[in-house]
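**Student:** Sharing a structure here in structure tokens format.
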Amino acid sequence: AVGSLARFSCAADASAIGLFEATLFPIFQMILQEDVAEFMPYVFQILAQLLSVHQASGRLPDSYVSLLPPLLQPTLWSAQGNIPALVRLLQSYLQIGGGQLASSGQLQPILGVFQRLIASKANDHHGFNLLLAISQFTPAESLQQYLKAILTLCLNRLQSSRTAKFTRNFVHYVASVLCIDAQGEVGVGLFMDAMDSIQPNLFATVLQNIMLETIPSVVGRVERKTTVIGFALLVASKRFQSAAAYKSLTGPVLQQLAAMLMDTTVKETKTLADRSIVDGSSAAAAAAVADEDLDSLEIEDTGYQASFARLATLGDIKIDPCPQISDPAVGLGQVLRPVQAQIGDAVQRLPAEAREYISQVIAQA
């Protein structure tokens, strides 16, 4: 009821936000201080909703800035029911004040939360949701200084306890970085620089041995579009085509992108796919048990923990690094057309169906 009242009242009169905050903040502060576990997930979601009203200003109000450090304390993140709500709240912080947080040194503690989340098979997808907001809403130069550390953490997890869910989310995250400022190949440069700083040509190995087979399994309309465009930008980049270790993978990448786009069956949303793996909330979970090794999910005996219930009035934040492209097939053709001479040999060596598909999208661009 509070969420509905706040949403619709502030939509009708933006000045009402001050009254809501003045009334609710002391109550929320009491709930947090007294550790009233069953109300905390609702508090974080309502805070995210209130914060979204400030989006037009482009800056985080001081009251929310002062609230951020307590929100990053490990004790809050130890309760499973808090995690989805806290991640959604941090996404709102980043959406409104990503540059502000970066300039004030607040990205590093947020990335500390990411590190905690991806260490858990139950929560790694929440970690990637946080990363996606960082790559979408913070300046590229701010992301650059942390990208090597982010990728190192991801690669270590891929090596130590890889799951289908984690790999799928990693592929989508990499594609979202590759899409940053696509016209100037900024994202491709950021990503390749970070990977090469870990180990030269390391990405060629990771792409060939781990990521390629996962590309078609990415789910969700925006997620699949991002994956297609991101990896198309990678293949079309001068850096990829000028290095033998990468250029040889042009055909395999294009084949997987074609396979993804030719598969017209309805794909469930990323949120549903991630949730079904963790809690078995859809029939898809049954088929994924073997891949995800649910028996190894860490379950801590921490006593009572509040469960998470999503507020109907709080939607997901739209994270789309290439909103100007609506049709991924059209976008693929537009990216590949300028480099069709460079990739021509690789296209001709593709299996017939993939070759015909890639040639068609280029011709129609």
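Going through the structure tokens in order, the chains are called A, B, and so on, while each chain numbers its residues from 1 and the ligands are numbered from 1 in the order shown.
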Would you mind listing what lies within 6 Å of range 42-48 of chain A as a PyMOL selection string, with only C-alpha atoms counted and same-chain residues fewer than 5 positions away left out?

**Tutor:** chain A and resi 3+85-86+89+92

**Student:** Pull all heavy atoms from the residues just selected and write them as a PDB file, in the first residue's frame.

**Tutor:**
```pdb
ATOM      1  N   GLY A   3       3.925   1.499  -1.119  1.00  0.00           N
ATOM      2  CA  GLY A   3       4.562   1.594  -2.430  1.00  0.00           C
ATOM      3  C   GLY A   3       3.634   2.169  -3.469  1.00  0.00           C
ATOM      4  O   GLY A   3       4.025   3.040  -4.266  1.00  0.00           O
ATOM      5  N   ALA A  85      16.372  -7.092  -3.121  1.00  0.00           N
ATOM      6  CA  ALA A  85      15.908  -5.726  -2.861  1.00  0.00           C
ATOM      7  C   ALA A  85      17.071  -4.751  -2.777  1.00  0.00           C
ATOM      8  O   ALA A  85      16.997  -3.621  -3.290  1.00  0.00           O
ATOM      9  CB  ALA A  85      15.091  -5.701  -1.569  1.00  0.00           C
ATOM     10  N   LEU A  86      18.154  -5.154  -2.133  1.00  0.00           N
ATOM     11  CA  LEU A  86      19.329  -4.285  -2.033  1.00  0.00           C
ATOM     12  C   LEU A  86      19.968  -4.053  -3.401  1.00  0.00           C
ATOM     13  O   LEU A  86      20.397  -2.940  -3.719  1.00  0.00           O
ATOM     14  CB  LEU A  86      20.355  -4.893  -1.072  1.00  0.00           C
ATOM     15  CG  LEU A  86      20.080  -4.695   0.423  1.00  0.00           C
ATOM     16  CD1 LEU A  86      20.988  -5.600   1.249  1.00  0.00           C
ATOM     17  CD2 LEU A  86      20.283  -3.232   0.828  1.00  0.00           C
ATOM     18  N   LEU A  89      17.936  -1.580  -5.220  1.00  0.00           N
ATOM     19  CA  LEU A  89      18.164  -0.243  -4.681  1.00  0.00           C
ATOM     20  C   LEU A  89      19.487   0.336  -5.185  1.00  0.00           C
ATOM     21  O   LEU A  89      19.564   1.498  -5.592  1.00  0.00           O
ATOM     22  CB  LEU A  89      18.147  -0.285  -3.151  1.00  0.00           C
ATOM     23  CG  LEU A  89      18.439   1.023  -2.402  1.00  0.00           C
ATOM     24  CD1 LEU A  89      17.544   2.151  -2.869  1.00  0.00           C
ATOM     25  CD2 LEU A  89      18.291   0.807  -0.893  1.00  0.00           C
ATOM     26  N   SER A  92      19.200   1.637  -8.595  1.00  0.00           N
ATOM     27  CA  SER A  92      18.608   2.979  -8.628  1.00  0.00           C
ATOM     28  C   SER A  92      19.649   4.045  -8.306  1.00  0.00           C
ATOM     29  O   SER A  92      19.687   5.111  -8.930  1.00  0.00           O
ATOM     30  CB  SER A  92      17.444   3.072  -7.636  1.00  0.00           C
ATOM     31  OG  SER A  92      16.329   2.330  -8.072  1.00  0.00           O
TER      32      SER A  92
END
```

**Student:** What's around range 210-220 of chain A at 10 Å? Count only C-alpha atoms, leave out sequence neighbours fewer than 6 positions away in its own chain, and write the answer as number ranges by chain.

**Tutor:** A: 158, 162, 164-165, 167-172, 174-175, 203-204, 226-228, 231, 249, 252-263, 266-274

**Student:** Given the selection you just returned, output its residues as a file containing C-alpha atoms, formatted as a PDB file, in the first residue's frame.

**Tutor:**
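And here's out.pdb as it stands now:
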```pdb
ATOM      1  CA  LEU A 158      34.858 -19.789 -14.178  1.00  0.00           C
ATOM      2  CA  ARG A 162      31.726 -22.846 -13.440  1.00  0.00           C
ATOM      3  CA  ALA A 164      25.743 -22.793 -16.922  1.00  0.00           C
ATOM      4  CA  LYS A 165      24.004 -19.882 -15.169  1.00  0.00           C
ATOM      5  CA  THR A 167      28.688 -18.582 -17.809  1.00  0.00           C
ATOM      6  CA  ARG A 168      25.489 -17.342 -19.454  1.00  0.00           C
ATOM      7  CA  ASN A 169      25.486 -14.210 -17.303  1.00  0.00           C
ATOM      8  CA  PHE A 170      29.191 -13.649 -17.937  1.00  0.00           C
ATOM      9  CA  VAL A 171      28.667 -13.825 -21.718  1.00  0.00           C
ATOM     10  CA  HIS A 172      25.863 -11.268 -21.476  1.00  0.00           C
ATOM     11  CA  VAL A 174      30.928  -9.117 -21.632  1.00  0.00           C
ATOM     12  CA  ALA A 175      28.608  -8.218 -24.527  1.00  0.00           C
ATOM     13  CA  PHE A 203      40.501 -13.852 -24.206  1.00  0.00           C
ATOM     14  CA  ALA A 204      41.006 -15.936 -27.349  1.00  0.00           C
ATOM     15  CA  THR A 226      22.946  -7.165 -26.536  1.00  0.00           C
ATOM     16  CA  THR A 227      24.855 -10.412 -27.015  1.00  0.00           C
ATOM     17  CA  VAL A 228      24.419 -10.326 -30.790  1.00  0.00           C
ATOM     18  CA  PHE A 231      29.987  -9.884 -30.227  1.00  0.00           C
ATOM     19  CA  LEU A 249      37.590 -17.130 -34.329  1.00  0.00           C
ATOM     20  CA  PRO A 252      32.938 -19.639 -34.998  1.00  0.00           C
ATOM     21  CA  VAL A 253      31.553 -16.438 -33.429  1.00  0.00           C
ATOM     22  CA  LEU A 254      29.424 -15.639 -36.485  1.00  0.00           C
ATOM     23  CA  GLN A 255      28.153 -19.214 -36.558  1.00  0.00           C
ATOM     24  CA  GLN A 256      26.965 -18.955 -32.951  1.00  0.00           C
ATOM     25  CA  LEU A 257      25.332 -15.568 -33.541  1.00  0.00           C
ATOM     26  CA  ALA A 258      23.510 -16.999 -36.549  1.00  0.00           C
ATOM     27  CA  ALA A 259      22.416 -20.007 -34.472  1.00  0.00           C
ATOM     28  CA  MET A 260      21.036 -17.683 -31.808  1.00  0.00           C
ATOM     29  CA  LEU A 261      19.057 -15.587 -34.284  1.00  0.00           C
ATOM     30  CA  MET A 262      17.769 -18.530 -36.305  1.00  0.00           C
ATOM     31  CA  ASP A 263      16.361 -20.067 -33.128  1.00  0.00           C
ATOM     32  CA  VAL A 266      10.326 -18.142 -27.256  1.00  0.00           C
ATOM     33  CA  LYS A 267      13.023 -17.643 -24.653  1.00  0.00           C
ATOM     34  CA  GLU A 268      12.094 -17.033 -21.025  1.00  0.00           C
ATOM     35  CA  THR A 269      13.269 -13.837 -19.409  1.00  0.00           C
ATOM     36  CA  LYS A 270      16.656 -13.661 -17.754  1.00  0.00           C
ATOM     37  CA  THR A 271      15.000 -12.995 -14.394  1.00  0.00           C
ATOM     38  CA  LEU A 272      12.877 -16.127 -14.657  1.00  0.00           C
ATOM     39  CA  ALA A 273      15.776 -18.249 -15.902  1.00  0.00           C
ATOM     40  CA  ASP A 274      18.064 -17.137 -13.079  1.00  0.00           C
TER      41      ASP A 274
END
```

**Student:** Between A:Ala79, A:Ser135, A:Arg224, A:Cys179, which has the minimum distance to Val36 in chain A (counting only C-alpha atoms)?

**Tutor:**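 Selected residue with least distance to Val36 in chain A: A:Ala79.
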